[in-house]
Amino acid sequence: MNVFIIEDERPMREVLIRLLTQYGYSCDSSDDYPRLVSAVLSSQPDLVLLDINLPYQDGFEVCRALRRESAVPILVLTSRATDFDELLSLNLGADDFITKPYNAQVLLARMQKLLSRARGPSAGAVLVHGGLTLNLLTATISHDGREESLTRNELGILRLLMAGRGNILPRDAIINALWQSEAFIDENTLNVNIVRLRRKLASVGLAGYLKTKRGLGYYV
């Protein structure tokens, strides 16, 4: 998936590009600030990371202009941390707001949530990838005439991975998305669910479907 990064501080932008590239995203950006909105629209990104402090026009104006032309998810990533900045961003059409300095895993989790939500109804109640069909209404997976039922956690994990297919989803991002209301989750909780999910994938003929990138996370 493609992310358009609107960040005028080159070192910060390069850090973001390295981070997102590491997790399987492609990135676009532009220093042509007078024509920034046109550059974003031409790129047709899946998500926009938007700073507020920009030359020529601020991020609020960019957000307003983008929202007039596109429904692309916009995540404001800025050092401006007042309630006013957050409220104005959301009122102008931004989908989320994170302040700098940011936690990389939290940023990735928020991005994944926006991307999954954007696909939501457009993907319907069924996700299909790599020969696997995931029915979100019946909580079942099927392949080649074989079917398995999933638990709530197994369904949540697989939905996140299939929504971001091809992209590595960090362990912390999965935990945050599924158990963010919990004060503490033992990592073994995720391990147990991954093992069970892999067993069910194997039973429908897709052993090896859920892959591990050592030190980074999981992907399908």
# chains A, B, ... in the order shown; residues from 1 in each chain; ligands from 1
$ residues_around --residues "Thr133 (chain A)" --least-positions-apart "5" --cutoff "7 Å" --atoms "only C-alpha atoms" --output "ChimeraX atom specification"
/A:126-128,141-143
$ select_by_dssp --residues "region 25-209 of chain A" --states "strand (DSSP E or B)" --output "VMD selection string"
chain A and resid 26 to 29 47 to 50 74 to 78 96 to 99 126 to 129 132 to 135 140 to 143 146 to 149 169 to 170
$ write_last_selection --atoms "N, CA, C and O atoms" --output "tab-separated table (two decimals), in the first residue's frame"
chain	number	residue	atom	x	y	z
A	26	SER	N	4.98	1.37	0.39
A	26	SER	CA	5.68	2.26	-0.54
A	26	SER	C	5.33	3.69	-0.15
A	26	SER	O	4.25	3.95	0.39
A	27	CYS	N	6.24	4.61	-0.40
A	27	CYS	CA	6.06	5.99	0.07
A	27	CYS	C	6.28	6.99	-1.05
A	27	CYS	O	7.20	6.84	-1.86
A	28	ASP	N	5.44	8.01	-1.09
A	28	ASP	CA	5.61	9.15	-1.98
A	28	ASP	C	5.68	10.41	-1.13
A	28	ASP	O	5.17	10.45	0.00
A	29	SER	N	6.29	11.46	-1.68
A	29	SER	CA	6.33	12.76	-1.01
A	29	SER	C	6.62	13.82	-2.08
A	29	SER	O	6.91	13.49	-3.23
A	47	LEU	N	-3.18	6.16	2.01
A	47	LEU	CA	-3.22	6.91	3.28
A	47	LEU	C	-2.26	8.08	3.17
A	47	LEU	O	-1.23	8.00	2.50
A	48	VAL	N	-2.60	9.18	3.86
A	48	VAL	CA	-1.74	10.37	3.89
A	48	VAL	C	-1.30	10.63	5.33
A	48	VAL	O	-2.13	10.66	6.24
A	49	LEU	N	0.01	10.82	5.51
A	49	LEU	CA	0.55	11.31	6.78
A	49	LEU	C	0.81	12.79	6.60
A	49	LEU	O	1.57	13.20	5.72
A	50	LEU	N	0.19	13.61	7.45
A	50	LEU	CA	0.18	15.07	7.22
A	50	LEU	C	0.70	15.83	8.43
A	50	LEU	O	0.16	15.72	9.53
A	74	ILE	N	-6.60	10.32	6.28
A	74	ILE	CA	-5.57	11.31	6.61
A	74	ILE	C	-5.23	11.18	8.08
A	74	ILE	O	-6.10	11.31	8.94
A	75	LEU	N	-3.96	10.94	8.37
A	75	LEU	CA	-3.47	10.87	9.74
A	75	LEU	C	-2.54	12.05	9.96
A	75	LEU	O	-1.49	12.13	9.32
A	76	VAL	N	-2.93	12.96	10.83
A	76	VAL	CA	-2.10	14.12	11.13
A	76	VAL	C	-1.01	13.70	12.11
A	76	VAL	O	-1.28	13.14	13.17
A	77	LEU	N	0.24	13.98	11.74
A	77	LEU	CA	1.40	13.64	12.55
A	77	LEU	C	2.19	14.93	12.77
A	77	LEU	O	2.84	15.42	11.85
A	78	THR	N	2.11	15.50	13.97
A	78	THR	CA	2.60	16.85	14.17
A	78	THR	C	3.16	17.07	15.57
A	78	THR	O	2.83	16.32	16.49
A	96	ASP	N	-7.33	10.79	12.05
A	96	ASP	CA	-6.64	10.52	13.31
A	96	ASP	C	-5.58	11.58	13.51
A	96	ASP	O	-5.24	12.33	12.59
A	97	PHE	N	-5.03	11.64	14.73
A	97	PHE	CA	-4.11	12.71	15.12
A	97	PHE	C	-3.09	12.12	16.09
A	97	PHE	O	-3.46	11.57	17.13
A	98	ILE	N	-1.81	12.22	15.76
A	98	ILE	CA	-0.73	11.74	16.62
A	98	ILE	C	0.30	12.85	16.76
A	98	ILE	O	0.65	13.52	15.79
A	99	THR	N	0.79	13.03	17.99
A	99	THR	CA	1.77	14.08	18.23
A	99	THR	C	3.19	13.51	18.22
A	99	THR	O	3.42	12.35	18.53
A	126	VAL	N	-16.49	-10.47	3.09
A	126	VAL	CA	-15.59	-11.56	2.72
A	126	VAL	C	-14.27	-10.97	2.23
A	126	VAL	O	-14.25	-10.07	1.39
A	127	LEU	N	-13.17	-11.48	2.76
A	127	LEU	CA	-11.84	-11.12	2.28
A	127	LEU	C	-11.25	-12.33	1.59
A	127	LEU	O	-11.34	-13.46	2.09
A	128	VAL	N	-10.62	-12.10	0.45
A	128	VAL	CA	-10.01	-13.19	-0.31
A	128	VAL	C	-8.58	-12.79	-0.65
A	128	VAL	O	-8.33	-11.70	-1.16
A	129	HIS	N	-7.66	-13.69	-0.33
A	129	HIS	CA	-6.25	-13.43	-0.65
A	129	HIS	C	-5.48	-14.74	-0.63
A	129	HIS	O	-5.63	-15.55	0.28
A	132	LEU	N	-7.19	-18.06	0.02
A	132	LEU	CA	-7.96	-18.19	1.26
A	132	LEU	C	-9.15	-17.24	1.24
A	132	LEU	O	-9.03	-16.08	0.86
A	133	THR	N	-10.30	-17.74	1.67
A	133	THR	CA	-11.50	-16.91	1.82
A	133	THR	C	-11.81	-16.78	3.31
A	133	THR	O	-11.94	-17.79	4.01
A	134	LEU	N	-11.93	-15.54	3.77
A	134	LEU	CA	-12.28	-15.27	5.17
A	134	LEU	C	-13.65	-14.62	5.19
A	134	LEU	O	-13.85	-13.54	4.65
A	135	ASN	N	-14.62	-15.31	5.79
A	135	ASN	CA	-15.97	-14.78	5.92
A	135	ASN	C	-16.09	-14.13	7.30
A	135	ASN	O	-16.04	-14.80	8.32
A	140	THR	N	-15.38	-17.81	9.54
A	140	THR	CA	-14.85	-19.05	8.98
A	140	THR	C	-13.82	-18.75	7.90
A	140	THR	O	-13.86	-17.69	7.26
A	141	ILE	N	-12.90	-19.71	7.72
A	141	ILE	CA	-11.97	-19.65	6.60
A	141	ILE	C	-12.25	-20.87	5.73
A	141	ILE	O	-12.67	-21.92	6.22
A	142	SER	N	-11.99	-20.72	4.44
A	142	SER	CA	-12.21	-21.84	3.53
A	142	SER	C	-11.19	-21.80	2.40
A	142	SER	O	-10.72	-20.73	1.99
A	143	HIS	N	-10.87	-23.00	1.93
A	143	HIS	CA	-9.94	-23.14	0.81
A	143	HIS	C	-10.13	-24.53	0.21
A	143	HIS	O	-10.16	-25.53	0.94
A	146	ARG	N	-12.53	-26.96	1.82
A	146	ARG	CA	-12.38	-27.24	3.24
A	146	ARG	C	-12.62	-25.97	4.05
A	146	ARG	O	-12.26	-24.88	3.59
A	147	GLU	N	-13.21	-26.11	5.20
A	147	GLU	CA	-13.61	-24.95	6.01
A	147	GLU	C	-13.26	-25.17	7.48
A	147	GLU	O	-13.31	-26.29	7.99
A	148	GLU	N	-12.92	-24.07	8.17
A	148	GLU	CA	-12.64	-24.09	9.60
A	148	GLU	C	-13.28	-22.87	10.25
A	148	GLU	O	-13.32	-21.79	9.65
A	149	SER	N	-13.75	-23.05	11.47
A	149	SER	CA	-14.30	-21.93	12.25
A	149	SER	C	-13.18	-21.28	13.05
A	149	SER	O	-12.24	-21.95	13.50
A	169	LEU	N	2.86	-6.79	9.70
A	169	LEU	CA	2.14	-6.21	10.82
A	169	LEU	C	2.89	-6.54	12.11
A	169	LEU	O	3.04	-7.71	12.45
A	170	PRO	N	3.39	-5.52	12.82
A	170	PRO	CA	4.17	-5.78	14.04
A	170	PRO	C	3.32	-6.46	15.12
A	170	PRO	O	2.10	-6.25	15.19
$ closest_atom_pairs --of "region 91-172 of chain A" --to "region 64-70 of chain A" --cutoff "12 Å" --atoms "only C-alpha atoms" --output "JSON lines"
{"residue": "A:Asn91", "atom": "CA", "partner": "A:Arg64", "partner_atom": "CA", "distance": 9.3}
{"residue": "A:Leu92", "atom": "CA", "partner": "A:Arg64", "partner_atom": "CA", "distance": 5.5}
{"residue": "A:Gly93", "atom": "CA", "partner": "A:Arg67", "partner_atom": "CA", "distance": 6.1}
{"residue": "A:Ala94", "atom": "CA", "partner": "A:Arg67", "partner_atom": "CA", "distance": 8.1}
{"residue": "A:Asp95", "atom": "CA", "partner": "A:Arg67", "partner_atom": "CA", "distance": 10.5}
$ write_last_selection --atoms "C-alpha atoms" --output "short mmCIF file (atom, residue, chain, number, x, y, z; two decimals), in the first residue's frame"
data_model
loop_
_atom_site.label_atom_id
_atom_site.label_comp_id
_atom_site.auth_asym_id
_atom_site.auth_seq_id
_atom_site.Cartn_x
_atom_site.Cartn_y
_atom_site.Cartn_z
CA ASN A 91 -13.23 18.86 12.12
CA LEU A 92 -11.51 19.53 8.79
CA GLY A 93 -11.67 15.87 7.87
CA ALA A 94 -8.57 14.19 9.32
CA ASP A 95 -9.21 10.64 10.51
#
$ closest_residue --among "A:Gln22, A:Gln112, A:Gln105, A:Asn193" --to "Asp46 (chain A)" --atoms "only C-alpha atoms"
A:Gln112
$ atom_distance --atom1 "CA of Phe84 (chain A)" --atom2 "CA of Pro45 (chain A)"
27.3 Å
$ closest_residue --among "A:Arg165, A:Arg171, A:Lys100, A:Arg18" --to "Ser79 (chain A)" --atoms "only C-alpha atoms"
A:Lys100
$ closest_residue --among "A:Leu90, A:Gly131, A:Leu137, A:Val3" --to "Val72 (chain A)" --atoms "only C-alpha atoms"
A:Val3
